[in-house]
$ cat run-v9.pdb   # PDB, C-alpha atoms, pLDDT in the B column
MODEL        1
ATOM      1  CA  MET J   1     -13.194 -10.488 -23.498  1.00 48.00           C
ATOM      2  CA  GLU J   2     -12.314 -10.051 -19.839  1.00 60.00           C
ATOM      3  CA  ASP J   3      -9.606  -7.568 -18.876  1.00 73.00           C
ATOM      4  CA  VAL J   4      -6.492  -9.313 -17.657  1.00 87.00           C
ATOM      5  CA  ILE J   5      -4.742  -7.817 -14.658  1.00 92.00           C
ATOM      6  CA  ILE J   6      -0.985  -8.290 -14.694  1.00 95.00           C
ATOM      7  CA  ILE J   7       0.974  -7.822 -11.471  1.00 97.00           C
ATOM      8  CA  ARG J   8       4.686  -7.087 -11.794  1.00 98.00           C
ATOM      9  CA  PRO J   9       7.514  -5.431  -9.827  1.00 98.00           C
ATOM     10  CA  ILE J  10       7.794  -1.638 -10.000  1.00 98.00           C
ATOM     11  CA  GLU J  11       9.916  -0.121 -12.778  1.00 98.00           C
ATOM     12  CA  PRO J  12      11.459   3.383 -12.957  1.00 97.00           C
ATOM     13  CA  GLN J  13       8.941   4.637 -15.537  1.00 97.00           C
ATOM     14  CA  ASP J  14       6.034   3.819 -13.171  1.00 98.00           C
ATOM     15  CA  ASN J  15       6.720   6.692 -10.743  1.00 98.00           C
ATOM     16  CA  GLN J  16       4.548   9.389 -12.316  1.00 97.00           C
ATOM     17  CA  SER J  17       1.499   7.176 -12.946  1.00 97.00           C
ATOM     18  CA  LEU J  18       1.586   5.766  -9.414  1.00 98.00           C
ATOM     19  CA  ALA J  19       1.943   9.224  -7.830  1.00 97.00           C
ATOM     20  CA  GLU J  20      -1.063  10.412  -9.861  1.00 97.00           C
ATOM     21  CA  ILE J  21      -3.187   7.426  -8.754  1.00 97.00           C
ATOM     22  CA  ILE J  22      -2.209   7.889  -5.090  1.00 96.00           C
ATOM     23  CA  ARG J  23      -2.947  11.627  -5.041  1.00 96.00           C
ATOM     24  CA  ALA J  24      -6.171  11.297  -7.071  1.00 96.00           C
ATOM     25  CA  THR J  25      -7.448   8.587  -4.711  1.00 94.00           C
ATOM     26  CA  LEU J  26      -6.652  10.589  -1.583  1.00 92.00           C
ATOM     27  CA  THR J  27      -8.319  13.666  -3.113  1.00 94.00           C
ATOM     28  CA  GLU J  28     -11.385  11.631  -4.130  1.00 94.00           C
ATOM     29  CA  PHE J  29     -11.883  10.446  -0.533  1.00 91.00           C
ATOM     30  CA  GLY J  30     -11.055  13.788   1.093  1.00 91.00           C
ATOM     31  CA  ALA J  31      -7.861  12.385   2.589  1.00 89.00           C
ATOM     32  CA  ASN J  32      -5.444  14.743   0.828  1.00 90.00           C
ATOM     33  CA  LYS J  33      -4.254  16.250   4.091  1.00 87.00           C
ATOM     34  CA  PRO J  34      -0.925  16.965   5.779  1.00 86.00           C
ATOM     35  CA  GLY J  35       0.660  13.984   7.512  1.00 82.00           C
ATOM     36  CA  THR J  36      -0.268  11.589   4.700  1.00 85.00           C
ATOM     37  CA  VAL J  37       1.531  10.229   1.635  1.00 87.00           C
ATOM     38  CA  PHE J  38      -0.210  12.974  -0.368  1.00 90.00           C
ATOM     39  CA  PHE J  39       2.528  15.368   0.789  1.00 89.00           C
ATOM     40  CA  ASP J  40       5.302  12.770   1.185  1.00 88.00           C
ATOM     41  CA  PRO J  41       8.082  13.475  -1.363  1.00 89.00           C
ATOM     42  CA  THR J  42       8.776   9.741  -1.700  1.00 92.00           C
ATOM     43  CA  THR J  43       5.355   9.397  -3.392  1.00 94.00           C
ATOM     44  CA  ASP J  44       6.995  10.837  -6.527  1.00 96.00           C
ATOM     45  CA  ALA J  45       9.931   8.414  -6.356  1.00 96.00           C
ATOM     46  CA  LEU J  46       8.485   5.023  -5.432  1.00 97.00           C
ATOM     47  CA  PHE J  47      10.900   3.076  -7.633  1.00 98.00           C
ATOM     48  CA  GLU J  48      13.832   4.639  -5.770  1.00 97.00           C
ATOM     49  CA  LEU J  49      12.162   4.207  -2.361  1.00 97.00           C
ATOM     50  CA  PHE J  50      11.612   0.506  -2.988  1.00 98.00           C
ATOM     51  CA  ARG J  51      15.319  -0.101  -3.640  1.00 97.00           C
ATOM     52  CA  THR J  52      15.538  -0.126   0.172  1.00 96.00           C
ATOM     53  CA  PRO J  53      16.625  -3.585   1.389  1.00 97.00           C
ATOM     54  CA  LYS J  54      13.770  -5.814   2.639  1.00 97.00           C
ATOM     55  CA  SER J  55      11.192  -3.768   0.682  1.00 98.00           C
ATOM     56  CA  PHE J  56       9.226  -4.562  -2.459  1.00 98.00           C
ATOM     57  CA  TYR J  57       6.523  -2.897  -4.560  1.00 98.00           C
ATOM     58  CA  TYR J  58       4.059  -4.462  -6.980  1.00 98.00           C
ATOM     59  CA  VAL J  59       2.274  -2.663  -9.807  1.00 98.00           C
ATOM     60  CA  ALA J  60      -1.021  -3.749 -11.385  1.00 98.00           C
ATOM     61  CA  LEU J  61      -1.558  -3.252 -15.121  1.00 97.00           C
ATOM     62  CA  ARG J  62      -4.755  -3.555 -17.112  1.00 94.00           C
ATOM     63  CA  ASN J  63      -4.521  -3.194 -20.890  1.00 90.00           C
ATOM     64  CA  ASN J  64      -0.896  -2.054 -20.433  1.00 91.00           C
ATOM     65  CA  SER J  65      -1.957   0.844 -18.187  1.00 95.00           C
ATOM     66  CA  ILE J  66      -1.030   1.124 -14.523  1.00 97.00           C
ATOM     67  CA  VAL J  67      -4.159   0.808 -12.387  1.00 97.00           C
ATOM     68  CA  GLY J  68      -2.626   0.363  -8.924  1.00 97.00           C
ATOM     69  CA  GLY J  69       0.182  -0.664  -6.662  1.00 98.00           C
ATOM     70  CA  CYS J  70       1.048  -2.019  -3.226  1.00 98.00           C
ATOM     71  CA  GLY J  71       4.249  -2.577  -1.305  1.00 97.00           C
ATOM     72  CA  ILE J  72       6.032  -3.914   1.722  1.00 98.00           C
ATOM     73  CA  PHE J  73       8.416  -1.637   3.605  1.00 97.00           C
ATOM     74  CA  PRO J  74      10.694  -2.078   6.652  1.00 96.00           C
ATOM     75  CA  THR J  75       9.403   1.046   8.413  1.00 93.00           C
ATOM     76  CA  ALA J  76      11.716   2.420  11.099  1.00 91.00           C
ATOM     77  CA  ASN J  77      11.249   1.224  14.682  1.00 93.00           C
ATOM     78  CA  LEU J  78       8.753  -1.565  13.956  1.00 95.00           C
ATOM     79  CA  PRO J  79       9.116  -4.689  16.135  1.00 94.00           C
ATOM     80  CA  ASP J  80      11.484  -7.404  14.873  1.00 95.00           C
ATOM     81  CA  GLY J  81       9.952  -9.452  12.080  1.00 97.00           C
ATOM     82  CA  THR J  82       7.360  -6.759  11.285  1.00 97.00           C
ATOM     83  CA  CYS J  83       7.045  -4.818   8.030  1.00 97.00           C
ATOM     84  CA  GLU J  84       4.489  -2.297   6.854  1.00 96.00           C
ATOM     85  CA  LEU J  85       1.979  -2.767   4.034  1.00 96.00           C
ATOM     86  CA  VAL J  86       2.244   0.557   2.228  1.00 94.00           C
ATOM     87  CA  LYS J  87       0.844   2.596  -0.607  1.00 93.00           C
ATOM     88  CA  LEU J  88      -1.988   0.259  -1.617  1.00 95.00           C
ATOM     89  CA  TYR J  89      -3.916   2.368  -4.096  1.00 95.00           C
ATOM     90  CA  VAL J  90      -6.124   1.357  -7.004  1.00 95.00           C
ATOM     91  CA  HIS J  91      -7.401   3.678  -9.745  1.00 96.00           C
ATOM     92  CA  LYS J  92     -11.167   4.174  -9.505  1.00 94.00           C
ATOM     93  CA  SER J  93     -11.631   2.427 -12.881  1.00 94.00           C
ATOM     94  CA  ALA J  94     -10.170  -0.776 -11.409  1.00 94.00           C
ATOM     95  CA  ARG J  95     -11.912  -0.813  -8.026  1.00 92.00           C
ATOM     96  CA  GLY J  96     -14.262  -3.724  -7.431  1.00 90.00           C
ATOM     97  CA  THR J  97     -12.309  -5.943  -9.829  1.00 91.00           C
ATOM     98  CA  GLY J  98     -10.195  -7.751  -7.222  1.00 91.00           C
ATOM     99  CA  THR J  99      -7.100  -5.775  -8.223  1.00 94.00           C
ATOM    100  CA  GLY J 100      -6.479  -4.404  -4.729  1.00 93.00           C
ATOM    101  CA  LYS J 101      -6.941  -7.836  -3.182  1.00 92.00           C
ATOM    102  CA  LYS J 102      -4.495  -9.366  -5.673  1.00 94.00           C
ATOM    103  CA  LEU J 103      -1.931  -6.664  -4.952  1.00 96.00           C
ATOM    104  CA  MET J 104      -2.322  -7.112  -1.189  1.00 96.00           C
ATOM    105  CA  GLU J 105      -2.122 -10.919  -1.360  1.00 96.00           C
ATOM    106  CA  GLN J 106       1.060 -10.820  -3.469  1.00 97.00           C
ATOM    107  CA  SER J 107       2.602  -8.278  -1.114  1.00 98.00           C
ATOM    108  CA  LEU J 108       1.737 -10.370   1.952  1.00 98.00           C
ATOM    109  CA  GLU J 109       3.149 -13.466   0.259  1.00 98.00           C
ATOM    110  CA  TRP J 110       6.367 -11.577  -0.526  1.00 98.00           C
ATOM    111  CA  ALA J 111       6.608 -10.477   3.127  1.00 98.00           C
ATOM    112  CA  LYS J 112       6.153 -14.040   4.363  1.00 98.00           C
ATOM    113  CA  ASN J 113       8.696 -15.415   1.874  1.00 98.00           C
ATOM    114  CA  ASN J 114      11.212 -12.782   2.956  1.00 98.00           C
ATOM    115  CA  GLY J 115      11.196 -13.523   6.659  1.00 98.00           C
ATOM    116  CA  TYR J 116       8.525 -11.248   8.046  1.00 98.00           C
ATOM    117  CA  SER J 117       6.092 -12.682  10.613  1.00 98.00           C
ATOM    118  CA  GLN J 118       3.783  -9.671  11.030  1.00 98.00           C
ATOM    119  CA  VAL J 119       2.479  -6.940   8.742  1.00 98.00           C
ATOM    120  CA  TYR J 120       1.436  -3.530  10.044  1.00 97.00           C
ATOM    121  CA  LEU J 121      -0.527  -0.833   8.230  1.00 96.00           C
ATOM    122  CA  GLU J 122      -1.818   2.662   8.809  1.00 92.00           C
ATOM    123  CA  SER J 123      -5.002   4.139   7.419  1.00 91.00           C
ATOM    124  CA  MET J 124      -7.662   6.755   8.135  1.00 87.00           C
ATOM    125  CA  PRO J 125     -11.453   6.891   8.471  1.00 87.00           C
ATOM    126  CA  GLU J 126     -11.812   8.474   5.017  1.00 86.00           C
ATOM    127  CA  LEU J 127     -10.648   5.150   3.549  1.00 85.00           C
ATOM    128  CA  SER J 128     -13.274   3.057   5.347  1.00 83.00           C
ATOM    129  CA  LYS J 129     -13.833   0.744   2.370  1.00 83.00           C
ATOM    130  CA  ALA J 130     -10.164  -0.224   2.456  1.00 88.00           C
ATOM    131  CA  ILE J 131     -10.322  -0.848   6.198  1.00 91.00           C
ATOM    132  CA  SER J 132     -13.120  -3.408   5.756  1.00 88.00           C
ATOM    133  CA  ILE J 133     -10.990  -5.154   3.106  1.00 89.00           C
ATOM    134  CA  TYR J 134      -8.015  -5.230   5.492  1.00 94.00           C
ATOM    135  CA  GLU J 135     -10.241  -6.782   8.166  1.00 94.00           C
ATOM    136  CA  MET J 136     -11.390  -9.462   5.695  1.00 92.00           C
ATOM    137  CA  GLN J 137      -7.706 -10.234   5.077  1.00 94.00           C
ATOM    138  CA  GLY J 138      -7.119 -10.819   8.803  1.00 96.00           C
ATOM    139  CA  PHE J 139      -5.841  -7.437   9.975  1.00 97.00           C
ATOM    140  CA  THR J 140      -6.979  -6.346  13.446  1.00 97.00           C
ATOM    141  CA  LYS J 141      -7.087  -2.796  14.800  1.00 96.00           C
ATOM    142  CA  LEU J 142      -4.515  -1.569  17.302  1.00 96.00           C
ATOM    143  CA  GLY J 143      -4.958   1.155  19.941  1.00 93.00           C
ATOM    144  CA  LYS J 144      -1.804   3.028  18.971  1.00 93.00           C
ATOM    145  CA  PRO J 145       0.746   3.251  16.146  1.00 92.00           C
ATOM    146  CA  LEU J 146       3.827   1.077  15.798  1.00 91.00           C
ATOM    147  CA  GLY J 147       7.118   2.233  14.350  1.00 81.00           C
ATOM    148  CA  ASN J 148       7.808   5.643  12.888  1.00 81.00           C
ATOM    149  CA  SER J 149       6.178   6.081   9.475  1.00 75.00           C
ATOM    150  CA  GLY J 150       6.078   9.866   9.752  1.00 72.00           C
ATOM    151  CA  HIS J 151       2.415   9.819   8.656  1.00 65.00           C
ATOM    152  CA  ASP J 152       0.754  11.413  11.650  1.00 74.00           C
ATOM    153  CA  GLY J 153      -2.370  12.082   9.558  1.00 75.00           C
ATOM    154  CA  CYS J 154      -3.243   8.391   9.893  1.00 82.00           C
ATOM    155  CA  ASP J 155      -5.176   7.387  12.996  1.00 89.00           C
ATOM    156  CA  ILE J 156      -6.132   3.790  12.248  1.00 92.00           C
ATOM    157  CA  TRP J 157      -3.438   1.199  12.867  1.00 95.00           C
ATOM    158  CA  MET J 158      -3.763  -2.494  12.071  1.00 96.00           C
ATOM    159  CA  LEU J 159      -1.658  -5.646  12.385  1.00 97.00           C
ATOM    160  CA  LYS J 160      -1.758  -9.106  10.828  1.00 98.00           C
ATOM    161  CA  THR J 161       0.249 -12.169  11.781  1.00 97.00           C
ATOM    162  CA  LEU J 162       1.513 -14.114   8.764  1.00 97.00           C
TER     163      LEU J 162
ENDMDL
END

$ encode --input "run-v9.pdb" --output "structure tokens"
Amino acid sequence: MEDVIIIRPIEPQDNQSLAEIIRATLTEFGANKPGTVFFDPTTDALFELFRTPKSFYYVALRNNSIVGGCGIFPTANLPDGTCELVKLYVHKSARGTGTGKKLMEQSLEWAKNNGYSQVYLESMPELSKAISIYEMQGFTKLGKPLGNSGHDGCDIWMLKTL
């Protein structure tokens, strides 16, 4: 029987599992460095962070276990109508299953349905596999960052028009 992936909104009890997935993924790819979400205190309180108006976070479950998440956030100083695709991480056991793509597509759909016209993201060379997925989804690279995410450890910036 095929594993069913369920995507649902974040709940308070999801914080610890999501923080573990995010930090394990960054460590796995050698991206656990200052200036990234690895050291961001909000990584341990995603449910609370995503109570921010005009933000949303989805969680992916497989066999009732959290295997990933992805969100939309109104990052400070982004151009009007632009949000940021944030904290898209998938546990290594669920990579290659379409889970990340599902999470990203639902997040982009939420952004579009909630009045955003562009989606921005930040990444780093260590996450090159993710960058190719973003490009397949229509994101294009920018020469400089937008907004003020506070993540100066990221040096790849991308934008997609919805």

$ atom_distance --input "run-v9.pdb" --atom1 "atom CA of J:Met158" --atom2 "atom CA of J:Gly138"
9.6 Å

$ residues_around --input "run-v9.pdb" --residues "stretch 50-67 of chain J" --least-positions-apart "4" --cutoff "7 Å" --atoms "all atoms listed in the file" --output "VMD selection string"
chain J and resid 3 to 10 17 46 71 to 74 90 to 91 94 103

$ write_last_selection --input "run-v9.pdb" --atoms "C-alpha atoms" --output "compact mmCIF listing (two decimals), in the coordinates of the input"
# COMPACT_ATOMS: atom_id res chain seq x y z
CA ASP J 3 -9.61 -7.57 -18.88
CA VAL J 4 -6.49 -9.31 -17.66
CA ILE J 5 -4.74 -7.82 -14.66
CA ILE J 6 -0.98 -8.29 -14.69
CA ILE J 7 0.97 -7.82 -11.47
CA ARG J 8 4.69 -7.09 -11.79
CA PRO J 9 7.51 -5.43 -9.83
CA ILE J 10 7.79 -1.64 -10.00
CA SER J 17 1.50 7.18 -12.95
CA LEU J 46 8.48 5.02 -5.43
CA GLY J 71 4.25 -2.58 -1.30
CA ILE J 72 6.03 -3.91 1.72
CA PHE J 73 8.42 -1.64 3.60
CA PRO J 74 10.69 -2.08 6.65
CA VAL J 90 -6.12 1.36 -7.00
CA HIS J 91 -7.40 3.68 -9.74
CA ALA J 94 -10.17 -0.78 -11.41
CA LEU J 103 -1.93 -6.66 -4.95

$ closest_residue --input "run-v9.pdb" --among "J:Glu105, J:Asp155, J:Glu84, J:Thr43" --to "J:Met136" --atoms "all atoms listed in the file"
J:Glu105

$ closest_residue --input "run-v9.pdb" --among "J:Glu48, J:Glu126, J:Asp80, J:Asp40" --to "J:Thr25" --atoms "only C-alpha atoms"
J:Glu126

$ atom_distance --input "run-v9.pdb" --atom1 "atom CA of J:Cys154" --atom2 "atom CA of J:Ala19"
18.5 Å

$ residues_near_point --input "run-v9.pdb" --point "(0.2, 8.8, 4.6)" --cutoff "8 Å" --atoms "all atoms listed in the file" --output "ChimeraX atom specification"
/J:35-40,122-123,150-154

$ resolve_selection --input "run-v9.pdb" --expression "the PyMOL selection byres ((chain J and resi 111) around 12)" --output "PyMOL selection string"
chain J and resi 54-57+70-74+81-86+104-110+112-120+160-162

$ write_last_selection --input "run-v9.pdb" --atoms "C-alpha atoms" --output "JSON list (two decimals), in the frame of the given file"
[["chain", "number", "residue", "atom", "x", "y", "z"],
["J", 54, "LYS", "CA", 13.77, -5.81, 2.64],
["J", 55, "SER", "CA", 11.19, -3.77, 0.68],
["J", 56, "PHE", "CA", 9.23, -4.56, -2.46],
["J", 57, "TYR", "CA", 6.52, -2.90, -4.56],
["J", 70, "CYS", "CA", 1.05, -2.02, -3.23],
["J", 71, "GLY", "CA", 4.25, -2.58, -1.30],
["J", 72, "ILE", "CA", 6.03, -3.91, 1.72],
["J", 73, "PHE", "CA", 8.42, -1.64, 3.60],
["J", 74, "PRO", "CA", 10.69, -2.08, 6.65],
["J", 81, "GLY", "CA", 9.95, -9.45, 12.08],
["J", 82, "THR", "CA", 7.36, -6.76, 11.28],
["J", 83, "CYS", "CA", 7.04, -4.82, 8.03],
["J", 84, "GLU", "CA", 4.49, -2.30, 6.85],
["J", 85, "LEU", "CA", 1.98, -2.77, 4.03],
["J", 86, "VAL", "CA", 2.24, 0.56, 2.23],
["J", 104, "MET", "CA", -2.32, -7.11, -1.19],
["J", 105, "GLU", "CA", -2.12, -10.92, -1.36],
["J", 106, "GLN", "CA", 1.06, -10.82, -3.47],
["J", 107, "SER", "CA", 2.60, -8.28, -1.11],
["J", 108, "LEU", "CA", 1.74, -10.37, 1.95],
["J", 109, "GLU", "CA", 3.15, -13.47, 0.26],
["J", 110, "TRP", "CA", 6.37, -11.58, -0.53],
["J", 112, "LYS", "CA", 6.15, -14.04, 4.36],
["J", 113, "ASN", "CA", 8.70, -15.42, 1.87],
["J", 114, "ASN", "CA", 11.21, -12.78, 2.96],
["J", 115, "GLY", "CA", 11.20, -13.52, 6.66],
["J", 116, "TYR", "CA", 8.52, -11.25, 8.05],
["J", 117, "SER", "CA", 6.09, -12.68, 10.61],
["J", 118, "GLN", "CA", 3.78, -9.67, 11.03],
["J", 119, "VAL", "CA", 2.48, -6.94, 8.74],
["J", 120, "TYR", "CA", 1.44, -3.53, 10.04],
["J", 160, "LYS", "CA", -1.76, -9.11, 10.83],
["J", 161, "THR", "CA", 0.25, -12.17, 11.78],
["J", 162, "LEU", "CA", 1.51, -14.11, 8.76]]

$ atom_distance --input "run-v9.pdb" --atom1 "atom CA of J:Ala24" --atom2 "atom CA of J:Leu88"
13.0 Å

$ residues_near_point --input "run-v9.pdb" --point "(-12.7, -13.3, -10.2)" --cutoff "12 Å" --atoms "all atoms listed in the file" --output "ChimeraX atom specification"
/J:2-5,96-99,101-102

$ decode --input "run-v9.pdb" --residues "stretch 9-59 of chain J" --atoms "C-alpha atoms" --output "mmCIF file, in the first residue's frame"
data_model
loop_
_atom_site.group_PDB
_atom_site.id
_atom_site.type_symbol
_atom_site.label_atom_id
_atom_site.label_comp_id
_atom_site.auth_asym_id
_atom_site.auth_seq_id
_atom_site.Cartn_x
_atom_site.Cartn_y
_atom_site.Cartn_z
ATOM 1 C CA PRO J 9 -2.191 23.671 8.728
ATOM 2 C CA ILE J 10 0.404 23.842 11.508
ATOM 3 C CA GLU J 11 -0.710 23.006 15.055
ATOM 4 C CA PRO J 12 0.981 23.937 18.368
ATOM 5 C CA GLN J 13 2.276 20.401 18.992
ATOM 6 C CA ASP J 14 4.176 20.455 15.659
ATOM 7 C CA ASN J 15 6.882 22.892 16.821
ATOM 8 C CA GLN J 16 9.453 20.415 18.131
ATOM 9 C CA SER J 17 9.226 17.969 15.207
ATOM 10 C CA LEU J 18 9.510 20.757 12.636
ATOM 11 C CA ALA J 19 12.501 22.350 14.402
ATOM 12 C CA GLU J 20 14.227 18.944 14.443
ATOM 13 C CA ILE J 21 13.600 18.408 10.705
ATOM 14 C CA ILE J 22 14.841 21.915 9.834
ATOM 15 C CA ARG J 23 18.037 21.634 11.890
ATOM 16 C CA ALA J 24 18.755 18.042 10.791
ATOM 17 C CA THR J 25 18.361 19.024 7.126
ATOM 18 C CA LEU J 26 20.634 22.051 7.436
ATOM 19 C CA THR J 27 23.228 19.930 9.269
ATOM 20 C CA GLU J 28 22.992 17.175 6.638
ATOM 21 C CA PHE J 29 23.787 19.664 3.851
ATOM 22 C CA GLY J 30 26.451 21.573 5.789
ATOM 23 C CA ALA J 31 24.254 24.663 5.965
ATOM 24 C CA ASN J 32 24.001 24.842 9.761
ATOM 25 C CA LYS J 33 25.745 28.199 9.900
ATOM 26 C CA PRO J 34 25.120 31.600 11.480
ATOM 27 C CA GLY J 35 22.721 33.833 9.568
ATOM 28 C CA THR J 36 20.351 30.960 8.770
ATOM 29 C CA VAL J 37 17.165 29.598 10.344
ATOM 30 C CA PHE J 38 19.369 27.047 12.136
ATOM 31 C CA PHE J 39 20.106 29.725 14.755
ATOM 32 C CA ASP J 40 16.821 31.647 14.414
ATOM 33 C CA PRO J 41 14.836 31.369 17.684
ATOM 34 C CA THR J 42 11.555 31.396 15.742
ATOM 35 C CA THR J 43 12.502 27.950 14.360
ATOM 36 C CA ASP J 44 11.455 26.535 17.750
ATOM 37 C CA ALA J 45 8.124 28.385 17.725
ATOM 38 C CA LEU J 46 6.754 28.106 14.191
ATOM 39 C CA PHE J 47 3.135 27.783 15.314
ATOM 40 C CA GLU J 48 3.426 31.107 17.151
ATOM 41 C CA LEU J 49 5.345 32.756 14.288
ATOM 42 C CA PHE J 50 2.653 31.792 11.795
ATOM 43 C CA ARG J 51 -0.072 33.530 13.817
ATOM 44 C CA THR J 52 1.279 36.671 12.115
ATOM 45 C CA PRO J 53 -1.407 38.174 9.844
ATOM 46 C CA LYS J 54 -1.018 37.329 6.127
ATOM 47 C CA SER J 55 1.141 34.276 6.952
ATOM 48 C CA PHE J 56 0.397 30.564 6.789
ATOM 49 C CA TYR J 57 2.285 27.307 7.356
ATOM 50 C CA TYR J 58 1.521 23.831 6.050
ATOM 51 C CA VAL J 59 2.726 20.570 7.575
#
